[in-house]
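S.K.: Please find one structure pasted underneath; my questions will follow.
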Amino acid sequence: MGALPQPAPAGACRVGIAGFGTVGQAVARLIRELAPAELQLTTICNRAVERKRVADLGDVRWTDRVEDLLDGEVDVVVELIGGRVPAEDWIRRALDAGKSVVTANKQVIAHAGPELLDRARRAGRHLRFEAAVGGGIPVLRAIEDGLAGDRLSRVAGVLNGTCNYVLTRMEGNHRCSFSDALREAQALGLTEANPAEDVDGLDARAKLAILALVALGLHVRPEEISCRSIAAVEPIDFIYAKRLGATIRQVAWIERDRNGSEPAVAAVGPALVPAGSRLARVTGRENVVIVSGEFGGETAFSGHGAGGDPTAVAVLSDLLAIARSAAPPRAPRAEPSAVSSDLVGPQYIRFTVADRPGIIAELATVFARHNVSIDAVLQEPGCPPARLPFVISLESCAASVVNRAITAAASLDFHVVPPLVLPILRPAPASGAQAPGAV
Ligand SMILES: NC(=O)c1ccc[n+]([C@@H]2O[C@H](COP(=O)([O-])OP(=O)(O)OC[C@H]3O[C@@H](n4cnc5c(N)ncnc54)[C@H](OP(=O)(O)O)[C@@H]3O)[C@@H](O)[C@H]2O)c1
């Protein structure tokens, strides 16, 4: 770090940070390094704050009392403590005290975003949360400002860097199991304290709910978005996916009905995506968000989805937007929208069986009874007959119908592990109408 910061000019927006952890420290450092004339860091609040004190932030008030963020020395509160409690309450109190708020907290915004936005609007204050989705990728602002002139119908993305790291490790090394790759991610510090948040899709669905609000104007309750874990994906699935011209990613997507008469379709989980597609090209910890508009077609945003510095850039950009703008905040939708997970499209099913004659015929009978057509049957040579993985791909059908067929097939005696069902997402048409499940 260089010299002590210069005092901000009179009239600068006074910033109070709640939570001096990874992102909070990066934000303070960035304000200090860039020294934007519009901002002045006045207050830092953290529990047991004495442990956190650093000398080189200049004339800053250090406190462990949230009340100190609500007084006359702060114009904008930056909430970076994480979790819903007490963060949600702190944001409400800050807005009620006439402060604008910037937060990176996806859980709070996914669950209470519409209510908090409404509170901010009524208070005539801003609530911004760019860092809550895609870390350093400025996707929310780009949607709000850059795509405001389109009618957006669909958002699909790789929103969890940990899952993407795990899946691309397995893709690159077929001897690397899911647990090996997850252990590596944990050793690199990439996972949440509870890795199930990442692996089971809870992190990605909170981000998807925020994208639904900003891009589609839909207030979707995160708990209504169906999530499937990536834990059941095995290295063999990448081999079969490759034979189908695809690979596997944890994809979060939501698509709304054009007429608004049907619920939006939304889900988070592992899916086959075409090799070479934007979703397939995202590797390691990167994120991508692909937004589809009726008139402008697809727009993709990719980059670092997490990390202290990229996230701090998003926070600082929100702060500068508030400092530079006098515009009132956007009005949110009040009522939650219904959401369904019944995606229609082709499906990949990997069976792992104790081999015997007649298995394919029995499965074909089950699928025929459910009016589902088989597209292909794939079997890699050299697998042990006592634990034989093979794949059946299905022509386009509703996920609910496939689930019913799989439930019916579960009673057959040859399964060694439960079948793995993955949707096969297709390339989007070059222009015009979106196909369901297009990427
Ligand atoms: N890290 C990333 O890459 C990233 C990316 C995007 C979004 N985010 C979001 O940014 C937010 C902050 O993440 P982070 O990684 O900076 O977390 P972190 O390193 O755990 O920092 C949180 C800080 O808040 C303090 N804190 C927690 N609860 C508190 C309470 N009740 N009262 C006072 N202080 C409290 C903690 O103090 P202690 O030191 O005592 O624990 C810690 O200093 C989260 O909402 C996270 O989801 C993070």
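Labels used: A, B, ... for chains in the order of the structure tokens, numbers from 1 for residues in each chain, and numbers from 1 for ligands as shown.
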Hey, what's within 9 Å of range 109-123 of chain A if we count only C-alpha atoms and toss same-chain stuff fewer than 4 positions away? As a count of residues only, please?

M.R.: 39

S.K.: Give as a ChimeraX atom specification the residues surrounding ligand 1 up to a distance of 6 Å, considering only C-alpha atoms and all ligand atoms.

M.R.: /A:19-24,46-47,80-83,86,104-105,131-132,135,306-308,311

S.K.: Take the residues from that selection and put them in a file with C-alpha atoms, as a tab-separated table (two decimals), in the first residue's frame.

M.R.:
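Wrote it out as result_27.tsv, contents follow:
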```
chain	number	residue	atom	x	y	z
A	19	GLY	CA	-17.95	-6.93	8.22
A	20	PHE	CA	-14.18	-6.58	7.88
A	21	GLY	CA	-13.47	-10.06	6.48
A	22	THR	CA	-12.20	-11.13	3.05
A	23	VAL	CA	-14.40	-8.80	1.02
A	24	GLY	CA	-14.64	-6.00	3.60
A	46	ASN	CA	-17.05	-5.80	13.09
A	47	ARG	CA	-17.60	-7.89	16.19
A	80	LEU	CA	-20.38	-7.69	4.21
A	81	ILE	CA	-20.96	-9.86	7.26
A	82	GLY	CA	-22.73	-12.60	5.24
A	83	GLY	CA	-25.56	-14.95	6.28
A	86	PRO	CA	-28.36	-10.42	11.55
A	104	ALA	CA	-22.69	-8.84	-1.51
A	105	ASN	CA	-25.11	-11.08	0.37
A	131	ALA	CA	-21.44	-8.57	-5.94
A	132	ALA	CA	-24.14	-11.03	-4.86
A	135	GLY	CA	-18.63	-11.82	-7.90
A	306	ALA	CA	-15.66	-14.93	-6.46
A	307	GLY	CA	-12.54	-13.84	-4.60
A	308	GLY	CA	-11.98	-10.84	-2.36
A	311	THR	CA	-15.97	-8.98	-5.41
```

S.K.: Could you tell me how far CA of Asp68 in chain A sits from CA of Gly136 in chain A, in Å to one decimal place?

M.R.: 28.7 Å

S.K.: Restricting the calculation to only C-alpha atoms: of A:Glu224, A:Asp64, A:Glu50, A:Glu184, which residue gets closest to Leu202 in chain A?

M.R.: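 Closest to Leu202 in chain A, using only C-alpha atoms: A:Glu224.
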
S.K.: Tell me, which residues of range 279-367 of chain A carry DSSP strand (DSSP E or B), written as a list of chain:residue names?

M.R.: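 Reading the DSSP output for range 279-367 of chain A, strand (DSSP E or B) covers A:Glu286, A:Asn287, A:Val288, A:Val289, A:Ile290, A:Val291, A:Ser292, A:Gly293, A:Gly297, A:Glu298, A:Thr299, A:Ala300, A:Phe301, A:Ser302, A:Gly303, A:His304, A:Val339, A:Ser340, A:Val344, A:Gly345, A:Pro346, A:Gln347, A:Tyr348, A:Ile349, A:Arg350, A:Phe351, A:Thr352, A:Val353.
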
S.K.: Could you tell me which of A:Asp309, A:Glu298, A:Asp237, A:Asp89 comes closest to Phe351 in chain A if we count only C-alpha atoms?

M.R.: A:Asp237

S.K.: Can you list every residue in range 309-382 of chain A that DSSP puts in alpha helix (DSSP H), as a VMD selection string?

M.R.: chain A and resid 309 to 324 359 to 369

S.K.: Measuring atom to atom with only C-alpha atoms, identify which of A:Ala323, A:Val78, A:Val158, A:Leu147 is nearest to Gly305 in chain A.

M.R.: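 Selected residue with least distance to Gly305 in chain A: A:Val158.
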
S.K.: Check the smallest atom-to-atom distance from each of A:Glu192, A:Ala264, A:Phe390, A:Ile230 to Asp342 in chain A using only C-alpha atoms, then report the winner.

M.R.: A:Ala264

S.K.: Enumerate, in order of chain and increasing residue number, the residues of range 231-336 of chain A with an atom no farther than 12 Å from range 352-361 of chain A, each with its shortest atom pair and distance in Å to one decimal, counting only C-alpha atoms, as a Markdown table.

M.R.:
```
| residue | atom | partner | partner_atom | distance |
| --- | --- | --- | --- | --- |
| A:Ala232 | CA | A:Thr352 | CA | 11.8 |
| A:Glu234 | CA | A:Thr352 | CA | 10.9 |
| A:Ile236 | CA | A:Thr352 | CA | 10.5 |
| A:Asp237 | CA | A:Thr352 | CA | 11.0 |
```

S.K.: Taking into account only C-alpha atoms, which residue in the set A:Ala241, A:Ala314, A:Val366, A:Leu167 is nearest to Val102 in chain A?

M.R.: A:Ala314

S.K.: Compare A:Cys383, A:Leu57, A:Val289, A:Val76 by their minimum atom-to-atom distance to Arg14 in chain A, counting only C-alpha atoms, and give me the closest one.

M.R.: A:Val76

S.K.: Between CA of Ala409 in chain A and CA of Gln379 in chain A, what is the distance, to one decimal in Å?

M.R.: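 A separation of 18.9 Å between them.
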
S.K.: Please provide as a list in words all residues within 10 Å of Arg369 in chain A, with the sequence filter that same-chain residues fewer than 5 positions apart are discarded (counting only C-alpha atoms).

M.R.: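 Once the adjacent positions are removed, what remains is Leu363, Ala364, Ala405 and Ala408 of chain A.
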